[in-house]
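Containing mmCIF, C-alpha atoms and all ligand atoms: input.cif.
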data_final
loop_
_atom_site.label_atom_id
_atom_site.label_comp_id
_atom_site.auth_asym_id
_atom_site.auth_seq_id
_atom_site.Cartn_x
_atom_site.Cartn_y
_atom_site.Cartn_z
CA MET A 1 -82.23 -94.69 117.77
CA ARG A 2 -78.82 -93.75 116.41
CA ILE A 3 -76.36 -96.36 115.24
CA GLY A 4 -72.67 -95.71 114.61
CA ILE A 5 -71.16 -97.88 111.88
CA ILE A 6 -67.42 -98.36 111.41
CA GLY A 7 -66.95 -98.59 107.64
CA ALA A 8 -68.92 -96.76 104.98
CA GLY A 9 -68.48 -99.08 102.01
CA GLN A 10 -71.29 -100.85 100.17
CA LEU A 11 -72.15 -102.91 103.26
CA GLY A 12 -72.53 -99.67 105.23
CA GLN A 13 -74.59 -98.21 102.41
CA MET A 14 -77.00 -101.15 102.38
CA LEU A 15 -77.21 -101.03 106.20
CA GLY A 16 -77.96 -97.31 105.83
CA PHE A 17 -80.81 -97.94 103.36
CA ALA A 18 -82.30 -100.56 105.70
CA ALA A 19 -81.92 -98.15 108.63
CA GLU A 20 -83.92 -95.47 106.81
CA GLU A 21 -86.81 -97.91 106.46
CA LEU A 22 -86.61 -98.79 110.16
CA GLY A 23 -86.46 -95.14 111.24
CA ILE A 24 -82.90 -95.52 112.54
CA GLU A 25 -80.30 -92.79 112.02
CA CYS A 26 -76.78 -93.85 111.03
CA GLU A 27 -73.39 -92.21 111.33
CA PHE A 28 -70.29 -93.77 109.75
CA LEU A 29 -66.54 -93.75 110.28
CA ASP A 30 -64.38 -94.20 107.17
CA PRO A 31 -61.19 -92.63 105.80
CA SER A 32 -62.35 -92.57 102.14
CA GLU A 33 -63.13 -89.34 100.30
CA HIS A 34 -66.51 -90.38 98.85
CA PRO A 35 -67.56 -93.65 100.48
CA PRO A 36 -70.78 -95.34 99.25
CA ALA A 37 -72.56 -94.90 102.59
CA ALA A 38 -72.10 -91.10 102.56
CA GLU A 39 -75.56 -90.83 100.98
CA CYS A 40 -77.09 -92.50 104.06
CA GLY A 41 -75.65 -90.42 106.89
CA HIS A 42 -72.81 -88.31 108.25
CA VAL A 43 -69.32 -89.75 107.83
CA ILE A 44 -66.54 -89.07 110.34
CA ARG A 45 -63.52 -89.07 108.03
CA ALA A 46 -60.78 -90.83 109.97
CA ALA A 47 -58.59 -93.91 109.89
CA PHE A 48 -60.14 -97.14 111.19
CA ASP A 49 -57.56 -97.21 114.00
CA ASP A 50 -58.10 -93.58 115.05
CA ALA A 51 -59.09 -94.09 118.70
CA ASP A 52 -60.38 -90.52 119.12
CA ALA A 53 -62.63 -90.83 116.06
CA ILE A 54 -63.97 -94.20 117.25
CA GLU A 55 -64.74 -92.63 120.62
CA GLN A 56 -66.46 -89.71 118.89
CA LEU A 57 -68.63 -92.18 116.95
CA ALA A 58 -69.55 -93.90 120.23
CA ALA A 59 -70.35 -90.59 121.94
CA ASN A 60 -72.70 -89.58 119.10
CA ASN A 61 -74.62 -92.86 118.93
CA ASP A 62 -76.58 -95.36 121.04
CA ILE A 63 -74.95 -98.49 119.62
CA VAL A 64 -71.76 -99.10 117.64
CA THR A 65 -71.40 -101.78 114.96
CA TYR A 66 -68.96 -102.41 112.11
CA GLU A 67 -69.08 -103.54 108.50
CA PHE A 68 -65.30 -103.63 108.13
CA GLU A 69 -63.23 -106.30 109.85
CA ASN A 70 -59.85 -104.66 110.28
CA VAL A 71 -60.72 -102.52 113.26
CA PRO A 72 -58.46 -102.77 116.33
CA VAL A 73 -60.28 -105.16 118.69
CA ALA A 74 -58.78 -103.48 121.78
CA ALA A 75 -60.37 -100.16 120.77
CA LEU A 76 -63.77 -101.85 120.41
CA GLU A 77 -63.37 -103.58 123.76
CA ARG A 78 -62.62 -100.24 125.43
CA LEU A 79 -65.70 -98.71 123.80
CA GLY A 80 -67.79 -101.63 124.98
CA GLU A 81 -67.42 -100.34 128.53
CA THR A 82 -69.48 -97.24 127.71
CA VAL A 83 -71.71 -98.14 124.76
CA PRO A 84 -72.99 -101.47 123.38
CA VAL A 85 -70.65 -102.72 120.62
CA TYR A 86 -72.06 -105.49 118.42
CA PRO A 87 -71.11 -108.02 117.12
CA PRO A 88 -69.08 -108.80 120.26
CA PRO A 89 -65.40 -107.86 119.78
CA ALA A 90 -64.42 -111.42 120.81
CA ALA A 91 -66.05 -112.68 117.60
CA LEU A 92 -64.02 -110.18 115.60
CA ARG A 93 -60.84 -111.25 117.40
CA HIS A 94 -61.37 -114.80 116.13
CA ALA A 95 -62.29 -113.69 112.62
CA GLN A 96 -59.15 -111.55 112.31
CA ASP A 97 -56.79 -114.50 112.73
CA ARG A 98 -57.30 -117.64 110.66
CA LEU A 99 -55.53 -119.71 113.33
CA ALA A 100 -57.85 -118.56 116.14
CA GLU A 101 -60.80 -119.04 113.79
CA LYS A 102 -59.83 -122.63 113.00
CA GLN A 103 -59.17 -123.41 116.64
CA LEU A 104 -62.64 -122.13 117.44
CA PHE A 105 -64.24 -124.34 114.77
CA ALA A 106 -62.33 -127.34 116.12
CA SER A 107 -63.26 -126.62 119.75
CA LEU A 108 -66.96 -126.50 118.77
CA GLY A 109 -66.78 -129.79 116.87
CA ILE A 110 -67.25 -128.06 113.51
CA PRO A 111 -65.30 -130.02 110.86
CA LEU A 112 -62.62 -128.19 108.87
CA ALA A 113 -59.70 -128.91 106.53
CA ALA A 114 -56.44 -130.01 108.14
CA PHE A 115 -54.02 -127.12 108.72
CA HIS A 116 -50.51 -126.40 109.92
CA VAL A 117 -49.09 -123.20 111.41
CA ILE A 118 -46.24 -121.73 109.34
CA ASP A 119 -43.69 -119.86 111.45
CA GLY A 120 -40.71 -120.34 109.13
CA ARG A 121 -39.77 -121.63 105.67
CA ASP A 122 -39.14 -125.14 107.04
CA ASP A 123 -42.71 -125.39 108.28
CA ILE A 124 -43.91 -125.35 104.66
CA ASP A 125 -41.94 -128.57 104.05
CA VAL A 126 -43.50 -130.14 107.14
CA ALA A 127 -46.95 -129.04 105.97
CA LEU A 128 -46.28 -130.49 102.49
CA GLU A 129 -45.28 -133.74 104.14
CA GLN A 130 -48.35 -133.88 106.35
CA LEU A 131 -51.05 -132.30 104.17
CA GLY A 132 -49.88 -133.12 100.64
CA LEU A 133 -50.45 -131.23 97.37
CA PRO A 134 -52.02 -128.91 96.45
CA LEU A 135 -51.32 -126.92 99.59
CA VAL A 136 -52.87 -123.50 100.25
CA ILE A 137 -50.71 -120.99 102.11
CA LYS A 138 -52.72 -118.09 103.56
CA THR A 139 -51.82 -115.04 105.60
CA ARG A 140 -53.45 -115.40 109.01
CA ARG A 141 -54.54 -111.76 109.03
CA LEU A 142 -55.94 -109.20 106.55
CA GLY A 143 -56.75 -111.58 103.68
CA TYR A 144 -59.91 -110.95 101.64
CA ASP A 145 -61.26 -111.74 98.16
CA GLY A 146 -58.57 -114.40 97.74
CA LYS A 147 -55.73 -111.94 98.50
CA GLY A 148 -52.83 -113.12 100.66
CA GLN A 149 -53.03 -116.70 99.37
CA PHE A 150 -50.68 -118.94 97.40
CA VAL A 151 -51.59 -122.40 96.11
CA ILE A 152 -48.55 -124.69 95.97
CA ARG A 153 -49.29 -127.25 93.23
CA GLU A 154 -45.77 -128.67 92.93
CA LYS A 155 -43.12 -128.89 95.64
CA PRO A 156 -40.60 -126.44 94.10
CA GLN A 157 -43.25 -123.70 94.36
CA ALA A 158 -42.75 -123.73 98.13
CA ASP A 159 -39.93 -121.19 97.65
CA ASP A 160 -42.19 -118.93 95.56
CA ALA A 161 -44.88 -119.07 98.24
CA TRP A 162 -42.32 -118.12 100.88
CA ASP A 163 -40.90 -115.30 98.70
CA GLU A 164 -44.38 -113.90 98.24
CA LEU A 165 -45.86 -114.31 101.69
CA GLY A 166 -42.92 -114.94 104.09
CA GLY A 167 -42.50 -112.39 106.89
CA GLN A 168 -46.21 -112.41 107.76
CA LEU A 169 -48.10 -114.73 110.09
CA LEU A 170 -49.07 -117.69 107.88
CA ILE A 171 -51.07 -120.87 107.93
CA ALA A 172 -51.07 -123.84 105.54
CA GLU A 173 -54.34 -125.51 104.64
CA GLN A 174 -55.03 -128.80 102.99
CA TRP A 175 -56.59 -128.33 99.55
CA VAL A 176 -60.30 -129.21 99.68
CA PRO A 177 -61.56 -130.89 96.49
CA PHE A 178 -65.01 -129.46 97.18
CA ASP A 179 -68.15 -130.24 95.17
CA TYR A 180 -69.31 -126.67 95.67
CA GLU A 181 -69.29 -123.88 98.26
CA VAL A 182 -72.10 -122.70 100.50
CA SER A 183 -72.69 -120.17 103.23
CA VAL A 184 -75.05 -119.88 106.16
CA ILE A 185 -76.19 -116.49 107.36
CA GLY A 186 -77.59 -116.29 110.86
CA VAL A 187 -78.79 -113.51 113.11
CA ARG A 188 -79.07 -113.39 116.90
CA ASN A 189 -80.28 -110.55 119.12
CA VAL A 190 -79.22 -109.49 122.59
CA ASP A 191 -81.79 -111.82 124.20
CA GLY A 192 -80.51 -114.76 122.16
CA ASP A 193 -83.45 -114.93 119.71
CA THR A 194 -82.06 -116.47 116.56
CA ALA A 195 -83.10 -116.72 112.91
CA LEU A 196 -81.27 -118.37 110.02
CA TYR A 197 -81.50 -117.87 106.27
CA PRO A 198 -81.58 -120.95 104.07
CA LEU A 199 -78.29 -122.37 102.82
CA THR A 200 -76.81 -120.29 99.98
CA ARG A 201 -74.76 -121.84 97.18
CA ASN A 202 -71.78 -119.72 96.12
CA VAL A 203 -69.42 -119.67 93.15
CA HIS A 204 -66.10 -117.84 93.45
CA ARG A 205 -63.92 -116.71 90.55
CA ASN A 206 -60.27 -115.89 91.25
CA GLY A 207 -61.05 -115.95 94.98
CA ILE A 208 -63.88 -113.36 94.63
CA LEU A 209 -67.55 -114.20 95.02
CA HIS A 210 -69.16 -114.40 91.58
CA THR A 211 -72.70 -115.72 92.17
CA SER A 212 -74.90 -116.75 95.10
CA CYS A 213 -78.12 -118.76 94.83
CA ALA A 214 -80.66 -119.59 97.52
CA PRO A 215 -82.08 -121.85 98.64
CA ALA A 216 -79.44 -124.52 97.97
CA ASP A 217 -81.46 -127.64 97.24
CA ALA A 218 -79.80 -129.74 99.96
CA PRO A 219 -81.94 -130.39 103.08
CA LEU A 220 -79.36 -132.49 104.95
CA LEU A 221 -76.58 -129.98 104.36
CA THR A 222 -78.92 -127.16 105.38
CA GLU A 223 -79.56 -128.92 108.68
CA LEU A 224 -75.84 -129.48 109.22
CA GLY A 225 -74.91 -125.89 108.32
CA SER A 226 -77.64 -124.54 110.59
CA ASP A 227 -76.34 -126.67 113.45
CA TYR A 228 -72.79 -125.31 112.99
CA MET A 229 -74.11 -121.74 112.78
CA ARG A 230 -76.07 -122.12 116.01
CA ARG A 231 -73.00 -123.51 117.81
CA LEU A 232 -71.03 -120.40 116.79
CA LEU A 233 -73.81 -117.94 117.62
CA ASP A 234 -74.41 -119.40 121.06
CA HIS A 235 -70.76 -119.92 121.98
CA LEU A 236 -69.85 -116.35 121.05
CA ASP A 237 -73.02 -114.97 122.72
CA TYR A 238 -73.28 -113.34 119.34
CA VAL A 239 -75.38 -110.29 118.50
CA GLY A 240 -75.98 -109.26 114.87
CA VAL A 241 -75.55 -111.03 111.54
CA LEU A 242 -72.90 -113.74 111.24
CA ALA A 243 -71.87 -115.42 107.97
CA LEU A 244 -70.20 -118.84 107.79
CA GLU A 245 -68.54 -120.07 104.57
CA LEU A 246 -68.28 -123.83 104.06
CA PHE A 247 -67.06 -126.37 101.53
CA VAL A 248 -69.41 -129.17 100.48
CA VAL A 249 -67.67 -132.54 100.17
CA GLY A 250 -70.19 -135.31 99.53
CA ASP A 251 -72.59 -135.35 102.47
CA SER A 252 -70.34 -133.33 104.74
CA LEU A 253 -69.50 -129.69 105.28
CA LEU A 254 -66.05 -128.31 106.12
CA ALA A 255 -65.94 -124.82 107.62
CA ASN A 256 -63.75 -122.38 105.71
CA GLU A 257 -64.13 -119.05 107.51
CA PHE A 258 -66.67 -116.79 109.16
CA ALA A 259 -67.39 -113.07 108.93
CA PRO A 260 -68.87 -111.22 111.94
CA ARG A 261 -70.88 -108.88 109.74
CA VAL A 262 -73.35 -108.68 106.89
CA HIS A 263 -71.95 -110.64 103.96
CA ASN A 264 -71.80 -110.52 100.17
CA SER A 265 -73.39 -113.97 99.92
CA GLY A 266 -76.46 -112.54 101.71
CA HIS A 267 -77.11 -109.63 99.35
CA TRP A 268 -79.91 -111.63 97.68
CA THR A 269 -81.94 -111.25 100.90
CA ILE A 270 -82.81 -107.62 99.98
CA GLU A 271 -85.28 -108.81 97.34
CA GLY A 272 -85.31 -112.54 98.01
CA ALA A 273 -86.28 -112.76 101.70
CA ALA A 274 -89.06 -111.27 103.81
CA THR A 275 -86.43 -109.41 105.88
CA SER A 276 -82.99 -108.55 104.47
CA GLN A 277 -79.77 -109.39 106.30
CA PHE A 278 -79.24 -105.63 106.68
CA SER A 279 -82.58 -105.04 108.41
CA ASN A 280 -82.02 -108.09 110.55
CA HIS A 281 -78.58 -106.93 111.64
CA LEU A 282 -80.03 -103.59 112.77
CA LEU A 283 -83.00 -105.26 114.48
CA ALA A 284 -80.72 -107.70 116.32
CA ILE A 285 -78.26 -105.11 117.62
CA SER A 286 -81.13 -102.93 118.85
CA ASN A 287 -82.57 -106.03 120.56
CA LYS A 288 -85.71 -106.31 118.50
CA SER A 289 -87.03 -109.68 117.37
CA PRO A 290 -85.39 -110.88 114.16
CA GLY A 291 -87.66 -110.44 111.14
CA SER A 292 -88.82 -113.42 109.09
CA THR A 293 -86.10 -115.03 106.99
CA ALA A 294 -88.67 -116.72 104.75
CA LEU A 295 -87.88 -116.74 101.04
CA ARG A 296 -89.86 -114.76 98.48
CA GLY A 297 -88.88 -117.19 95.75
CA HIS A 298 -85.69 -118.68 94.30
CA ALA A 299 -83.09 -115.94 94.54
CA GLY A 300 -79.82 -115.42 92.69
CA MET A 301 -77.14 -112.73 92.88
CA LEU A 302 -74.40 -111.80 90.45
CA ASN A 303 -71.52 -109.56 91.54
CA LEU A 304 -70.43 -106.76 89.21
CA ILE A 305 -66.67 -106.50 89.47
CA GLY A 306 -64.39 -103.91 87.84
CA THR A 307 -67.10 -102.38 85.67
CA ILE A 308 -70.88 -102.02 85.47
CA PRO A 309 -71.58 -102.64 81.79
CA ALA A 310 -74.46 -100.87 79.99
CA ALA A 311 -76.22 -104.24 79.71
CA ALA A 312 -76.35 -104.44 83.51
CA ARG A 313 -78.04 -101.04 83.67
CA ALA A 314 -80.52 -102.06 80.98
CA THR A 315 -81.56 -105.36 82.56
CA LYS A 316 -85.31 -105.73 83.10
CA SER A 317 -85.16 -109.17 84.72
CA GLY A 318 -82.91 -108.28 87.64
CA ASN A 319 -82.50 -105.61 90.33
CA LEU A 320 -79.32 -103.60 89.90
CA HIS A 321 -77.55 -102.26 92.99
CA ASP A 322 -74.90 -99.72 92.01
CA TYR A 323 -72.72 -98.81 95.00
CA GLY A 324 -71.56 -95.61 93.27
CA LYS A 325 -67.86 -96.51 93.47
CA GLU A 326 -65.15 -95.50 91.02
CA PRO A 327 -64.51 -98.39 88.60
CA ARG A 328 -61.23 -100.20 89.25
CA GLU A 329 -60.06 -103.65 88.23
CA GLY A 330 -61.13 -106.33 90.71
CA ARG A 331 -63.31 -103.90 92.69
CA LYS A 332 -66.86 -104.83 93.72
CA LEU A 333 -68.98 -102.07 92.14
CA GLY A 334 -72.47 -103.50 92.42
CA HIS A 335 -74.63 -106.56 92.13
CA ILE A 336 -77.78 -107.78 90.40
CA THR A 337 -80.42 -109.89 92.13
CA VAL A 338 -83.07 -112.03 90.47
CA VAL A 339 -86.02 -113.71 92.18
CA ALA A 340 -87.98 -116.40 90.32
CA ASP A 341 -90.72 -118.96 90.93
CA SER A 342 -88.45 -121.96 90.36
CA ALA A 343 -84.75 -122.80 90.61
CA GLU A 344 -84.64 -123.51 86.85
CA GLN A 345 -86.12 -120.12 86.02
CA ARG A 346 -83.73 -118.43 88.48
CA ASP A 347 -80.73 -120.17 86.95
CA GLN A 348 -81.84 -119.21 83.42
CA LEU A 349 -82.32 -115.56 84.36
CA LEU A 350 -78.97 -115.41 86.13
CA ALA A 351 -77.15 -117.12 83.25
CA ALA A 352 -78.71 -114.73 80.71
CA ILE A 353 -77.63 -111.71 82.75
CA ALA A 354 -74.15 -113.16 83.32
CA ASP A 355 -73.79 -113.67 79.55
CA CYS A 356 -74.59 -110.01 78.91
CA VAL A 357 -72.41 -108.47 81.59
CA THR A 358 -69.27 -110.63 81.68
N1 LIG B 401 -58.25 -125.06 101.33
C1 LIG B 401 -58.90 -124.72 100.20
N2 LIG B 401 -59.21 -125.65 99.27
C2 LIG B 401 -59.85 -125.30 98.12
N3 LIG B 401 -60.22 -124.04 97.81
C3 LIG B 401 -59.94 -123.07 98.69
C4 LIG B 401 -59.28 -123.35 99.94
N4 LIG B 401 -59.16 -122.19 100.62
C5 LIG B 401 -59.72 -121.24 99.85
N5 LIG B 401 -60.19 -121.73 98.70
C6 LIG B 401 -60.89 -120.97 97.63
O1 LIG B 401 -60.53 -119.60 97.71
C7 LIG B 401 -61.68 -118.80 98.10
C8 LIG B 401 -61.25 -117.67 99.01
O2 LIG B 401 -60.63 -118.19 100.18
P1 LIG B 401 -61.06 -117.78 101.65
O3 LIG B 401 -60.31 -118.63 102.61
O4 LIG B 401 -62.54 -117.78 101.76
O5 LIG B 401 -60.44 -116.32 101.79
P2 LIG B 401 -61.06 -114.87 101.64
O6 LIG B 401 -60.90 -114.30 103.01
O7 LIG B 401 -60.20 -114.21 100.63
O8 LIG B 401 -62.50 -115.01 101.22
C9 LIG B 401 -62.63 -119.79 98.74
O9 LIG B 401 -63.96 -119.32 98.71
C10 LIG B 401 -62.39 -121.03 97.86
O10 LIG B 401 -63.04 -120.89 96.61
MG MG B 402 -63.97 -116.31 101.92
#
What is this structure when it is put down as structure tokens?
Ligand SMILES: Nc1ncnc2c1ncn2[C@@H]1O[C@H](COP(=O)(O)OP(=O)(O)O)[C@@H](O)[C@H]1O
Ligand SMILES: [Mg+2]
Amino acid sequence: MRIGIIGAGQLGQMLGFAAEELGIECEFLDPSEHPPAAECGHVIRAAFDDADAIEQLAANNDIVTYEFENVPVAALERLGETVPVYPPPAALRHAQDRLAEKQLFASLGIPLAAFHVIDGRDDIDVALEQLGLPLVIKTRRLGYDGKGQFVIREKPQADDAWDELGGQLLIAEQWVPFDYEVSVIGVRNVDGDTALYPLTRNVHRNGILHTSCAPADAPLLTELGSDYMRRLLDHLDYVGVLALELFVVGDSLLANEFAPRVHNSGHWTIEGAATSQFSNHLLAISNKSPGSTALRGHAGMLNLIGTIPAAARATKSGNLHDYGKEPREGRKLGHITVVADSAEQRDQLLAAIADCVT
């Protein structure tokens, strides 16, 4: 079995490590000089929108998947006529546009924050009128790690938001005074066999994921999140790993966004679950039964951003994953996972490591 993966970043690298264990060969497509996944397989060095290179990847492999979301959907759809492409390009089409994504949530009865499409400067005033303050303006496309967002806290800032983001497709979102954030990670194979990981509790700093902990101690929310995940998986006839980010407000969940790929908030599954999200993605797209998503304990993950301090390398209580990337401010360079017998112990271990490395 040979799998072609568009993107050779850390997600590709961790897919590559899982593939080695499953006896699957991987080839990657990525424009970078020394991408993290290069140690796991051959890399076709080309732009993500290079149609010839994408076709070459398809010709060399049995199945094509992607770990990077900004791939032209039309190119994937064309490929899909000759080789299986998973997750289905229609899922990616929704994920690439926050408006389409929100409309999908709404059509499936999945609750979400009120929003308003921004086509011109005046629309921000209408959104302020209807949705109130604070108001989050987001680019509809290409946003990640909190980039392409502006939070209007006072009305005069509407001009600043427009100066910064105007000229792109935009959407305004009501501010959600959430209690905390969670994600659900699900996996579905070609036959529709589905498995879900327990609800994960996430903390973001400056729009970037900081820590993830699983299981979130919230049975009712877990049931609700699982229900929303299953609606998405089934509606999209989804194949592979899907991640859904949600806001917790009291006893309810509001969907924020989804990612049709393996996800940072699921990195804890490498040590913390019987089968990692990476193995499960590969199993699902090759139409094998999903592996057990049972927990091996109380898991926590801390992202290492901008630098991997010596203390992170010295830690004995956690598992360091160094993606081998050049340090740069705001860049995800690695993560540390801890697995403990209790939530208290997990939280203590994670806090101690966080104290040393941040
Ligand atoms: N409407 C909102 N209300 C409150 N916080 C928000 C809202 N939208 C985004 N955020 C915060 O910003 C983070 C990043 O936003 P998100 O929409 O997930 O974009 P990205 O694609 O960059 O991850 C969220 O995880 C959350 O912490
Ligand atoms: Mg997000």
For atom CA of A:Gly9 and atom CA of A:Gly324, determine how far apart the two atoms are, in Å to one decimal place.
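Pair atom CA of A:Gly9 / atom CA of A:Gly324 returns 9.9 Å.
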Ligand LIG 401 (chain B) neighbours within 6 Å using only C-alpha atoms and all ligand atoms, as a PyMOL selection string:
chain A and resi 136+143-147+173-176+204+207+256
Could you list, as JSON, numbers by chain, all the residues within 12 Å of ligand MG 402 (chain B), counting only C-alpha atoms and all ligand atoms?
{"A": [95, 98, 138, 142, 143, 144, 145, 146, 147, 148, 149, 181, 182, 183, 202, 203, 204, 205, 206, 207, 208, 209, 210, 243, 244, 245, 246, 247, 255, 256, 257, 258, 259, 263, 264, 265]}
Expected answer as a list in words: all residues with atoms within 8 Å of (-79.1, -113.8, 91.9), only C-alpha atoms:
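Returned residue set, sorted by chain then number, is Thr211, Ser212, Cys213, Trp268, Ala299, Gly300, Met301, Leu302, Gly318, Ile336, Thr337, Val338, Val339, Arg346 and Leu350 of chain A.
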Separation of atom CA of A:Leu169 from atom CA of A:Ile124, in Å and rounded to one decimal
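Answer for the atom CA of A:Leu169 to atom CA of A:Ile124 separation: 12.6 Å.
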Neighbouring residues of A:Asp30 were defined as those with any atom within 6 Å, considering only C-alpha atoms; residues of the same chain fewer than 5 positions away were excluded. Please report them as a PyMOL selection string.
chain A and resi 7-8+45-46
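Nearest to A:Gly186 of all the residues A:Asp234, A:Glu154, A:Glu326, A:Asp159 is A:Asp234, based on all atoms listed in the file.
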Between A:Arg331, A:Arg313, A:Arg201, A:His235, which is the closest to A:Leu221 once you count only C-alpha atoms?
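Using only C-alpha atoms, the shortest distance to A:Leu221 belongs to A:Arg201.
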Given only C-alpha atoms as the counted atoms, nearest of A:Pro87, A:Gly109, A:Gly41, A:Gly4 to A:Asn61
A:Gly4
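With atom CA of A:Gly166 on one side and atom CA of A:Arg93 on the other, the separation reads 22.6 Å.
Minimum atom-to-atom distance to A:Glu67, evaluated using only C-alpha atoms, belongs to A:Ile6 out of A:Ile6, A:Ile353, A:Ala106, A:Ile118.
Nearest to A:Leu282 of all the residues A:Leu135, A:Ala294, A:Ile63, A:Ile54 is A:Ile63, counting all atoms listed in the file.
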Select, from A:Glu69, A:Tyr238, A:Gln345, A:Gln168, the residue with the minimum atom-to-atom distance to A:Val117, counting all atoms listed in the file.
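Of A:Glu69, A:Tyr238, A:Gln345, A:Gln168, the one nearest A:Val117 is A:Gln168, counting all atoms listed in the file.
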List the spatial neighbours of A:Pro89 as JSON, numbers by chain - criterion: any atom at most 9 Å away, only C-alpha atoms, same-chain residues fewer than 4 positions off excluded.
{"A": [73, 74, 76, 77, 80, 85, 93, 94]}
Resulting file, chosen residues, C-alpha atoms, as a PDB file, in the coordinates of the input:
ATOM      1  CA  VAL A  73     -60.280-105.160 118.690  1.00  0.00           C
ATOM      2  CA  ALA A  74     -58.780-103.480 121.780  1.00  0.00           C
ATOM      3  CA  LEU A  76     -63.770-101.850 120.410  1.00  0.00           C
ATOM      4  CA  GLU A  77     -63.370-103.580 123.760  1.00  0.00           C
ATOM      5  CA  GLY A  80     -67.790-101.630 124.980  1.00  0.00           C
ATOM      6  CA  VAL A  85     -70.650-102.720 120.620  1.00  0.00           C
ATOM      7  CA  ARG A  93     -60.840-111.250 117.400  1.00  0.00           C
ATOM      8  CA  HIS A  94     -61.370-114.800 116.130  1.00  0.00           C
TER       9      HIS A  94
END
